[in-house]
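Structure data (mmCIF, C-alpha atoms and all ligand atoms) from run-v1.cif:
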```
data_model
loop_
_atom_site.label_atom_id
_atom_site.label_comp_id
_atom_site.auth_asym_id
_atom_site.auth_seq_id
_atom_site.Cartn_x
_atom_site.Cartn_y
_atom_site.Cartn_z
CA MET A 1 81.12 124.90 90.89
CA ALA A 2 79.71 123.30 87.79
CA PHE A 3 79.47 124.43 84.18
CA SER A 4 76.05 125.92 84.88
CA ASP A 5 77.66 128.26 87.43
CA LEU A 6 79.71 129.81 84.66
CA THR A 7 77.92 132.55 82.76
CA GLY A 8 77.52 132.34 78.97
CA GLN A 9 79.36 130.20 76.38
CA LYS A 10 76.62 127.59 76.25
CA GLY A 11 78.14 125.84 73.21
CA ILE A 12 81.48 125.47 74.91
CA LYS A 13 79.96 124.02 78.06
CA THR A 14 78.07 121.37 76.07
CA ARG A 15 81.19 120.56 74.10
CA LEU A 16 83.39 120.20 77.16
CA ALA A 17 80.85 118.04 78.96
CA SER A 18 80.67 115.68 75.98
CA ALA A 19 84.47 115.63 75.65
CA VAL A 20 84.56 114.37 79.22
CA SER A 21 81.77 111.82 78.81
CA GLU A 22 83.41 110.45 75.67
CA ARG A 23 86.67 110.35 77.58
CA GLN A 24 88.46 112.28 74.88
CA SER A 25 92.10 112.80 75.69
CA GLY A 26 94.80 114.78 73.96
CA THR A 27 95.03 118.51 73.58
CA PHE A 28 92.48 121.30 73.85
CA MET A 29 93.28 124.91 73.13
CA PHE A 30 91.14 127.72 74.55
CA THR A 31 91.49 130.88 72.51
CA GLY A 32 90.02 134.28 73.29
CA PRO A 33 91.14 137.76 74.31
CA VAL A 34 92.64 138.55 77.72
CA GLY A 35 89.79 138.74 80.22
CA SER A 36 87.49 136.46 78.21
CA GLY A 37 87.44 133.72 80.82
CA ARG A 38 89.89 131.21 79.32
CA HIS A 39 91.35 130.41 82.73
CA VAL A 40 87.95 130.01 84.36
CA PHE A 41 86.77 127.55 81.70
CA ALA A 42 90.10 125.70 81.70
CA GLU A 43 89.92 125.21 85.46
CA GLU A 44 86.35 123.95 85.36
CA PHE A 45 87.16 121.62 82.46
CA ALA A 46 90.19 120.28 84.34
CA LYS A 47 88.10 119.62 87.43
CA THR A 48 85.52 117.76 85.34
CA LEU A 49 88.22 115.65 83.67
CA MET A 50 89.47 114.57 87.08
CA CYS A 51 86.05 114.02 88.65
CA GLU A 52 85.05 110.43 89.45
CA GLU A 53 81.43 110.92 88.44
CA PRO A 54 81.13 113.78 85.98
CA GLY A 55 77.66 114.56 84.63
CA LYS A 56 76.15 116.71 81.90
CA ASP A 57 76.80 119.75 84.06
CA GLY A 58 80.44 118.94 84.68
CA ALA A 59 82.17 117.90 87.88
CA CYS A 60 80.09 116.37 90.69
CA GLY A 61 81.72 118.50 93.38
CA LYS A 62 81.36 115.68 95.88
CA CYS A 63 83.89 112.95 95.05
CA PRO A 64 87.38 112.92 96.62
CA CYS A 65 88.94 114.16 93.37
CA CYS A 66 86.62 117.18 93.31
CA LYS A 67 87.34 117.83 97.00
CA TYR A 68 91.10 117.69 96.41
CA PHE A 69 90.69 119.97 93.42
CA GLU A 70 88.65 122.53 95.34
CA ALA A 71 91.11 122.45 98.23
CA GLY A 72 93.93 123.06 95.76
CA THR A 73 95.71 119.91 96.90
CA THR A 74 95.36 117.58 93.93
CA PRO A 75 98.77 116.41 92.70
CA ASP A 76 97.35 115.56 89.28
CA ILE A 77 97.18 119.03 87.80
CA VAL A 78 100.16 120.97 86.55
CA ARG A 79 99.68 124.66 85.84
CA VAL A 80 102.30 126.34 83.74
CA TYR A 81 101.72 130.08 83.93
CA LYS A 82 103.93 133.13 83.65
CA PRO A 83 106.67 132.93 86.27
CA ALA A 84 106.81 135.86 88.70
CA ASP A 85 110.50 136.50 88.09
CA SER A 86 110.76 136.37 84.31
CA LYS A 87 108.92 137.36 81.16
CA ASN A 88 108.53 133.87 79.75
CA ILE A 89 108.39 130.25 80.78
CA LYS A 90 111.86 128.81 80.31
CA VAL A 91 112.49 126.07 77.71
CA SER A 92 114.40 124.12 80.33
CA TYR A 93 111.27 124.04 82.50
CA ILE A 94 109.26 122.46 79.68
CA LYS A 95 112.03 119.96 78.86
CA ASP A 96 113.01 119.03 82.40
CA SER A 97 109.71 119.25 84.25
CA VAL A 98 106.64 119.21 82.01
CA VAL A 99 107.66 116.58 79.44
CA PRO A 100 108.92 113.98 81.98
CA GLU A 101 105.93 114.65 84.26
CA ALA A 102 103.49 113.86 81.42
CA VAL A 103 104.80 110.30 81.26
CA LEU A 104 104.02 109.61 84.90
CA LYS A 105 100.58 108.24 85.79
CA PRO A 106 98.18 110.37 87.83
CA GLN A 107 98.15 109.64 91.57
CA PHE A 108 94.46 110.03 92.47
CA SER A 109 92.43 110.92 89.42
CA LYS A 110 91.99 108.97 86.23
CA THR A 111 93.36 111.89 84.26
CA LYS A 112 96.36 114.09 84.66
CA VAL A 113 95.80 117.63 83.42
CA PHE A 114 98.31 120.20 82.26
CA ILE A 115 97.20 123.80 81.83
CA LEU A 116 99.74 125.82 79.88
CA ASP A 117 99.53 129.52 79.09
CA LEU A 118 100.88 129.75 75.55
CA ASP A 119 101.12 133.54 75.85
CA TYR A 120 104.30 132.91 77.81
CA LEU A 121 105.69 130.01 75.78
CA GLY A 122 108.08 131.09 73.03
CA THR A 123 108.69 129.16 69.80
CA GLU A 124 111.44 127.05 71.35
CA SER A 125 109.30 126.11 74.33
CA GLN A 126 106.35 125.25 72.10
CA ASN A 127 108.64 123.03 70.04
CA ALA A 128 109.89 121.34 73.20
CA LEU A 129 106.29 120.58 74.11
CA LEU A 130 105.36 119.29 70.68
CA LYS A 131 106.56 115.74 71.23
CA SER A 132 104.27 115.36 74.26
CA LEU A 133 101.37 116.79 72.27
CA GLU A 134 102.05 114.41 69.37
CA GLU A 135 101.96 111.23 71.35
CA PRO A 136 100.08 112.04 74.51
CA PRO A 137 99.77 109.18 77.01
CA ALA A 138 96.15 108.06 77.37
CA HIS A 139 95.93 109.45 80.91
CA VAL A 140 96.95 112.97 79.94
CA VAL A 141 94.98 116.01 78.78
CA PHE A 142 96.74 119.20 77.81
CA ILE A 143 94.75 122.42 78.07
CA LEU A 144 96.47 125.24 76.23
CA LEU A 145 95.43 128.87 76.60
CA SER A 146 96.10 131.59 74.09
CA SER A 147 95.04 135.20 73.74
CA ASN A 148 96.99 135.54 70.52
CA ARG A 149 96.58 132.66 68.08
CA ASP A 150 99.17 134.19 65.71
CA GLN A 151 101.88 133.40 68.24
CA VAL A 152 101.02 129.71 68.36
CA LEU A 153 102.95 127.34 66.09
CA ASP A 154 100.85 125.74 63.33
CA THR A 155 102.17 122.38 64.45
CA VAL A 156 100.68 123.00 67.91
CA ILE A 157 97.35 124.25 66.51
CA SER A 158 97.04 121.21 64.25
CA ARG A 159 97.32 118.88 67.25
CA ALA A 160 94.74 120.67 69.36
CA THR A 161 90.97 120.81 69.47
CA GLU A 162 90.34 124.53 69.45
CA ILE A 163 87.70 126.01 71.74
CA LYS A 164 87.07 129.60 70.80
CA ILE A 165 85.58 131.85 73.47
CA GLU A 166 83.03 134.17 71.86
CA PRO A 167 82.18 137.68 73.02
CA TYR A 168 79.57 137.68 75.80
CA THR A 169 76.16 139.30 75.49
CA ARG A 170 75.44 142.50 77.38
CA GLU A 171 73.14 140.61 79.74
CA GLU A 172 75.87 138.05 80.48
CA ILE A 173 78.41 140.80 81.12
CA VAL A 174 76.07 142.51 83.58
CA SER A 175 75.54 139.24 85.41
CA ILE A 176 79.29 138.50 85.60
CA VAL A 177 80.11 141.98 86.91
CA ARG A 178 77.36 141.67 89.55
CA LYS A 179 78.91 138.38 90.72
CA ASN A 180 82.43 139.78 90.89
CA VAL A 181 82.04 143.36 92.04
CA SER A 182 79.95 143.73 95.16
CA ASP A 183 77.68 146.77 95.50
CA CYS A 184 78.51 148.01 92.01
CA PRO A 185 76.33 151.08 91.45
CA ASP A 186 73.95 150.76 88.49
CA GLN A 187 75.49 153.66 86.63
CA THR A 188 78.99 152.15 86.85
CA LEU A 189 77.61 148.78 85.80
CA GLN A 190 76.11 150.26 82.62
CA ILE A 191 79.35 152.10 81.80
CA ALA A 192 81.31 148.87 82.25
CA ALA A 193 78.92 146.83 80.08
CA ASP A 194 78.94 149.46 77.32
CA ASN A 195 82.70 149.77 77.15
CA CYS A 196 84.08 146.26 77.53
CA GLY A 197 83.64 144.89 74.00
CA GLY A 198 81.95 141.75 75.30
CA ILE A 199 84.98 140.83 77.45
CA PRO A 200 84.05 140.20 81.09
CA GLY A 201 87.56 140.79 82.49
CA LYS A 202 87.54 144.25 80.98
CA ALA A 203 84.08 145.00 82.34
CA ILE A 204 85.16 143.93 85.83
CA ALA A 205 88.24 146.17 85.63
CA ILE A 206 86.10 149.16 84.61
CA ALA A 207 83.58 148.44 87.36
CA LYS A 208 86.38 148.24 89.92
CA GLN A 209 87.58 151.68 88.91
CA GLY A 210 84.04 152.72 89.72
CA GLU A 211 84.51 151.10 93.10
CA ASP A 212 87.34 153.51 93.68
CA ILE A 213 85.00 156.39 93.00
CA ASP A 214 82.76 154.84 95.60
CA LEU A 215 85.73 154.56 97.98
CA LYS A 216 86.52 158.25 97.42
CA ARG A 217 82.99 159.12 98.42
CA LYS A 218 83.19 156.98 101.56
CA VAL A 219 86.51 158.52 102.55
CA ALA A 220 85.04 162.01 102.12
CA GLU A 221 82.07 161.13 104.30
CA LEU A 222 84.29 159.67 107.00
CA PHE A 223 86.61 162.68 106.92
CA LEU A 224 83.81 165.24 107.09
CA GLU A 225 82.29 163.48 110.08
CA LEU A 226 85.60 163.32 111.97
CA PRO A 227 85.33 166.74 113.69
CA ASP A 228 82.01 165.85 115.33
CA ALA A 229 82.63 162.14 115.83
CA SER A 230 82.86 160.58 119.27
CA TYR A 231 86.10 158.89 120.38
CA CYS A 232 84.28 155.59 120.13
CA LYS A 233 83.31 156.15 116.52
CA VAL A 234 86.84 157.18 115.58
CA LEU A 235 88.51 154.30 117.36
CA TYR A 236 86.04 151.59 116.38
CA ASP A 237 84.00 152.42 113.27
CA ASP A 238 86.52 154.62 111.49
CA ALA A 239 89.49 152.47 112.43
CA GLU A 240 87.56 149.45 111.18
CA PHE A 241 86.92 151.22 107.88
CA MET A 242 90.66 151.76 107.56
CA ALA A 243 91.38 148.09 108.35
CA GLU A 244 88.84 146.99 105.74
CA HIS A 245 90.58 149.15 103.15
CA LYS A 246 94.09 148.21 104.16
CA ALA A 247 94.93 147.17 100.61
CA ASP A 248 93.91 150.64 99.41
CA ALA A 249 95.50 152.49 102.34
CA VAL A 250 97.63 154.67 100.09
CA ALA A 251 94.60 155.67 98.03
CA VAL A 252 92.63 156.45 101.19
CA ALA A 253 95.48 158.57 102.58
CA SER A 254 95.83 160.44 99.27
CA ASP A 255 92.11 161.16 99.30
CA ILE A 256 92.33 162.57 102.82
CA LEU A 257 95.21 164.80 101.73
CA LEU A 258 93.09 166.06 98.82
CA LEU A 259 90.26 166.87 101.22
CA ILE A 260 92.63 168.77 103.53
CA ASP A 261 93.95 170.60 100.49
CA ASP A 262 90.39 171.56 99.50
CA LEU A 263 89.80 172.92 103.01
CA MET A 264 93.00 174.99 102.88
CA ARG A 265 91.96 176.52 99.58
CA LEU A 266 88.44 177.27 100.76
CA LYS A 267 89.84 178.75 103.98
CA GLY A 268 92.19 181.09 102.12
CA MET A 269 89.84 181.90 99.27
CA PRO A 270 86.17 181.37 100.14
CA GLY A 271 84.24 180.27 97.05
CA TYR A 272 87.43 178.95 95.43
CA LYS A 273 86.29 177.13 92.29
CA LYS A 274 88.76 174.35 91.60
CA ILE A 275 88.40 172.00 94.53
CA SER A 276 88.74 168.22 94.07
CA TYR A 277 85.62 167.17 95.96
CA THR A 278 83.01 169.27 94.20
CA ASP A 279 80.22 166.93 95.31
CA PHE A 280 81.01 167.80 98.92
CA ARG A 281 81.47 171.54 98.39
CA THR A 282 78.73 172.67 100.79
CA LYS A 283 80.01 170.51 103.64
CA LEU A 284 83.61 171.47 102.96
CA GLU A 285 82.75 175.18 102.90
CA LYS A 286 80.91 174.84 106.17
CA LEU A 287 83.88 173.12 107.81
CA ALA A 288 86.35 175.62 106.34
CA GLY A 289 84.21 178.43 107.77
CA SER A 290 84.36 177.03 111.27
CA PRO A 291 86.51 179.39 113.46
CA ASN A 292 88.73 176.66 114.93
CA VAL A 293 89.76 175.36 111.51
CA ASP A 294 92.82 177.30 110.44
CA ASN A 295 95.80 176.60 108.25
CA ILE A 296 98.05 175.67 111.14
CA ARG A 297 95.61 172.99 112.27
CA LEU A 298 95.07 171.79 108.73
CA GLY A 299 98.83 171.59 108.32
CA LYS A 300 98.99 169.37 111.41
CA CYS A 301 96.28 167.13 109.91
CA ALA A 302 98.28 166.81 106.70
CA GLY A 303 101.33 165.97 108.83
CA ALA A 304 99.37 163.18 110.52
CA VAL A 305 98.47 161.68 107.13
CA LYS A 306 102.08 161.86 106.03
CA ASP A 307 103.16 160.12 109.26
CA PHE A 308 100.66 157.38 108.44
CA LEU A 309 102.09 156.99 104.95
CA ARG A 310 105.60 156.74 106.40
CA ALA A 311 104.39 154.09 108.84
CA LEU A 312 103.07 152.08 105.88
CA ASP A 313 106.48 152.26 104.25
CA VAL A 314 108.22 150.71 107.23
CA ASN A 315 105.48 148.15 107.88
CA ALA A 316 104.57 149.59 111.25
CA ASN A 317 101.45 148.30 113.04
CA PHE A 318 98.65 149.27 110.67
CA ASP A 319 95.85 149.65 113.21
CA ALA A 320 97.95 151.77 115.53
CA ALA A 321 99.15 154.02 112.72
CA SER A 322 95.71 154.53 111.18
CA SER A 323 94.06 155.19 114.58
CA ALA A 324 96.76 157.76 115.41
CA MET A 325 96.07 159.58 112.15
CA LEU A 326 92.30 159.60 112.61
CA LEU A 327 92.55 160.76 116.23
CA LYS A 328 94.95 163.55 115.32
CA ILE A 329 92.61 164.87 112.62
CA HIS A 330 89.67 164.57 115.02
CA GLU A 331 91.59 166.50 117.72
CA GLU A 332 92.65 169.29 115.42
CA LEU A 333 89.30 169.86 113.73
CA LYS A 334 86.81 169.24 116.55
CA LYS A 335 84.72 172.14 117.71
ZN ZN B 401 83.60 114.73 91.32
#
```
So, in terms of structure tokens, how does the structure I just supplied come out?
Ligand SMILES: [Zn+2]
Amino acid sequence: MAFSDLTGQKGIKTRLASAVSERQSGTFMFTGPVGSGRHVFAEEFAKTLMCEEPGKDGACGKCPCCKYFEAGTTPDIVRVYKPADSKNIKVSYIKDSVVPEAVLKPQFSKTKVFILDLDYLGTESQNALLKSLEEPPAHVVFILLSSNRDQVLDTVISRATEIKIEPYTREEIVSIVRKNVSDCPDQTLQIAADNCGGIPGKAIAIAKQGEDIDLKRKVAELFLELPDASYCKVLYDDAEFMAEHKADAVAVASDILLLIDDLMRLKGMPGYKKISYTDFRTKLEKLAGSPNVDNIRLGKCAGAVKDFLRALDVNANFDAASSAMLLKIHEELKK
């Protein structure tokens, strides 16, 4: 990656490239709302600072330092983000790890880079860091990130070069969502761009919700084809679909339960209005009208989905559990 691979923020890219070429050291602070791309720019800036032959467009991507960086194995970058097990970064971590580490020379690159998320550094921790920011060794660059400038000590702000991330244009947002959300339908894309306030992270989150709508549709199609599907299709294509959506297995199972519920309602009360899958009403009504689909069989299908959910809870073999569920539904509903 180079700066040109990042969408938008032209001014920032120029500024960062010149900071590198002038070999500026010290402290930079990226400010902007959550989802604005602070981390992405910080990472690319760090890579450029460490690169052996940086150009106008940032890191060369070819030198050993770039290779180490891309492989995630460079020892010369320290990232201080929110710890998984607590709300904030501990003061002791700043005092005992970050401050002493800043004195040590980098091992491979000419510059050692620290990326610190100020959103998780309280007043005490910021104060502990201040001494390092005041007299930074020549080989060190601190990159601070903040989504809330009001929580940053004035003494920290005064020692940093602030890089403010501006809202992105609609066109830039569309391009970022396209890069990050594959097969995003046009309609979802427009909704995301219109409702994100110029913040790409927000647009991506909205577009991904749209992906779920897409997943719902795919699950419905798979389910409705199950009664007529061949064993091969169930065991290969459908099982593969399940494996691909392993991370969303609970959502997929819930969707199947909703579809079974729709069938039960339509079976008991033909023409029942309030079904979940209104887009598939015609197909659902047709299946519900089939003589071999009755409530006992539908109950067994629901039982198979619940067995699958239980198997997920105990970490049973995923492929075996999902195939068993699909086959059971196929068996019960086939003509
Ligand atoms: Zn390089």
Return as JSON lines the residues of range 106-180 of chain A lying at most 7 Å from range 27-38 of chain A, together with the closest atom-to-atom pair for each and the distance in Å to one decimal, counting only C-alpha atoms, with rows in chain order and ascending residue number.
```
{"residue": "A:Leu133", "atom": "CA", "partner": "A:Thr27", "partner_atom": "CA", "distance": 6.7}
{"residue": "A:Val141", "atom": "CA", "partner": "A:Thr27", "partner_atom": "CA", "distance": 5.8}
{"residue": "A:Phe142", "atom": "CA", "partner": "A:Thr27", "partner_atom": "CA", "distance": 4.6}
{"residue": "A:Ile143", "atom": "CA", "partner": "A:Phe28", "partner_atom": "CA", "distance": 4.9}
{"residue": "A:Leu144", "atom": "CA", "partner": "A:Met29", "partner_atom": "CA", "distance": 4.5}
{"residue": "A:Leu145", "atom": "CA", "partner": "A:Phe30", "partner_atom": "CA", "distance": 4.9}
{"residue": "A:Ser146", "atom": "CA", "partner": "A:Thr31", "partner_atom": "CA", "distance": 4.9}
{"residue": "A:Ser147", "atom": "CA", "partner": "A:Pro33", "partner_atom": "CA", "distance": 4.7}
{"residue": "A:Arg149", "atom": "CA", "partner": "A:Thr31", "partner_atom": "CA", "distance": 7.0}
{"residue": "A:Arg159", "atom": "CA", "partner": "A:Thr27", "partner_atom": "CA", "distance": 6.7}
{"residue": "A:Ala160", "atom": "CA", "partner": "A:Thr27", "partner_atom": "CA", "distance": 4.7}
{"residue": "A:Thr161", "atom": "CA", "partner": "A:Phe28", "partner_atom": "CA", "distance": 4.7}
{"residue": "A:Glu162", "atom": "CA", "partner": "A:Met29", "partner_atom": "CA", "distance": 4.7}
{"residue": "A:Ile163", "atom": "CA", "partner": "A:Phe30", "partner_atom": "CA", "distance": 4.8}
{"residue": "A:Lys164", "atom": "CA", "partner": "A:Thr31", "partner_atom": "CA", "distance": 4.9}
{"residue": "A:Ile165", "atom": "CA", "partner": "A:Gly32", "partner_atom": "CA", "distance": 5.1}
```
**d(CA of Ser92 in chain A, CA of Phe45 in chain A) in Å** =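 Distance reported for this atom pair: 27.4 Å.
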**Request:** With only C-alpha atoms and all ligand atoms counted, collect every polymer residue having an atom within 10 Å of ligand ZN 401 (chain B); state the result as JSON, numbers by chain.
**Result:** {"A": [47, 48, 49, 50, 51, 52, 53, 54, 55, 58, 59, 60, 61, 62, 63, 64, 65, 66, 67, 68, 69, 109]}
**Request:** Show which residues sit within 12 Å of range 5-8 of chain A, as number ranges by chain. Count only C-alpha atoms, and ignore same-chain residues fewer than 2 positions away.
**Result:** A: 1-3, 10-14, 36-45, 57-59, 165-180, 198-200
Which residues are near Ile191 in chain A? Cut-off 12 Å, all atoms listed in the file, ignore same chain within fewer than 6 positions. Put them as an mmCIF file with C-alpha atoms, in the frame of the given file.
```cif
data_model
loop_
_atom_site.group_PDB
_atom_site.id
_atom_site.type_symbol
_atom_site.label_atom_id
_atom_site.label_comp_id
_atom_site.auth_asym_id
_atom_site.auth_seq_id
_atom_site.Cartn_x
_atom_site.Cartn_y
_atom_site.Cartn_z
ATOM 1 C CA ARG A 170 75.440 142.500 77.380
ATOM 2 C CA ILE A 173 78.410 140.800 81.120
ATOM 3 C CA VAL A 174 76.070 142.510 83.580
ATOM 4 C CA VAL A 177 80.110 141.980 86.910
ATOM 5 C CA CYS A 184 78.510 148.010 92.010
ATOM 6 C CA PRO A 185 76.330 151.080 91.450
ATOM 7 C CA GLY A 197 83.640 144.890 74.000
ATOM 8 C CA LYS A 202 87.540 144.250 80.980
ATOM 9 C CA ALA A 203 84.080 145.000 82.340
ATOM 10 C CA ILE A 204 85.160 143.930 85.830
ATOM 11 C CA ALA A 205 88.240 146.170 85.630
ATOM 12 C CA ILE A 206 86.100 149.160 84.610
ATOM 13 C CA ALA A 207 83.580 148.440 87.360
ATOM 14 C CA LYS A 208 86.380 148.240 89.920
ATOM 15 C CA GLN A 209 87.580 151.680 88.910
ATOM 16 C CA GLY A 210 84.040 152.720 89.720
#
```
**Message:** Residues near Asp150 in chain A, anyone? I mean within 12 Å using all atoms listed in the file, not counting same-chain ones fewer than 2 positions away, as a list in words.
**Reply:** Thr31, Gly32, Leu118, Asp119, Gly122, Thr123, Ser146, Ser147, Asn148, Val152, Leu153, Asp154, Val156 and Ile157 of chain A
Using C-alpha atoms, can you export the residues from the last selection as an mmCIF file, keeping the file's coordinate frame?
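Output file out25.cif follows:
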```cif
data_model
loop_
_atom_site.group_PDB
_atom_site.id
_atom_site.type_symbol
_atom_site.label_atom_id
_atom_site.label_comp_id
_atom_site.auth_asym_id
_atom_site.auth_seq_id
_atom_site.Cartn_x
_atom_site.Cartn_y
_atom_site.Cartn_z
ATOM 1 C CA THR A 31 91.490 130.880 72.510
ATOM 2 C CA GLY A 32 90.020 134.280 73.290
ATOM 3 C CA LEU A 118 100.880 129.750 75.550
ATOM 4 C CA ASP A 119 101.120 133.540 75.850
ATOM 5 C CA GLY A 122 108.080 131.090 73.030
ATOM 6 C CA THR A 123 108.690 129.160 69.800
ATOM 7 C CA SER A 146 96.100 131.590 74.090
ATOM 8 C CA SER A 147 95.040 135.200 73.740
ATOM 9 C CA ASN A 148 96.990 135.540 70.520
ATOM 10 C CA VAL A 152 101.020 129.710 68.360
ATOM 11 C CA LEU A 153 102.950 127.340 66.090
ATOM 12 C CA ASP A 154 100.850 125.740 63.330
ATOM 13 C CA VAL A 156 100.680 123.000 67.910
ATOM 14 C CA ILE A 157 97.350 124.250 66.510
#
```
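Interatomic distance, CA of Thr188 in chain A against CA of Ala243 in chain A: 25.1 Å.
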**Request:** For CA of Pro75 in chain A and CA of Phe108 in chain A, quote the distance in Å rounded to one decimal.
**Result:**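 Going from CA of Pro75 in chain A over to CA of Phe108 in chain A covers 7.7 Å.
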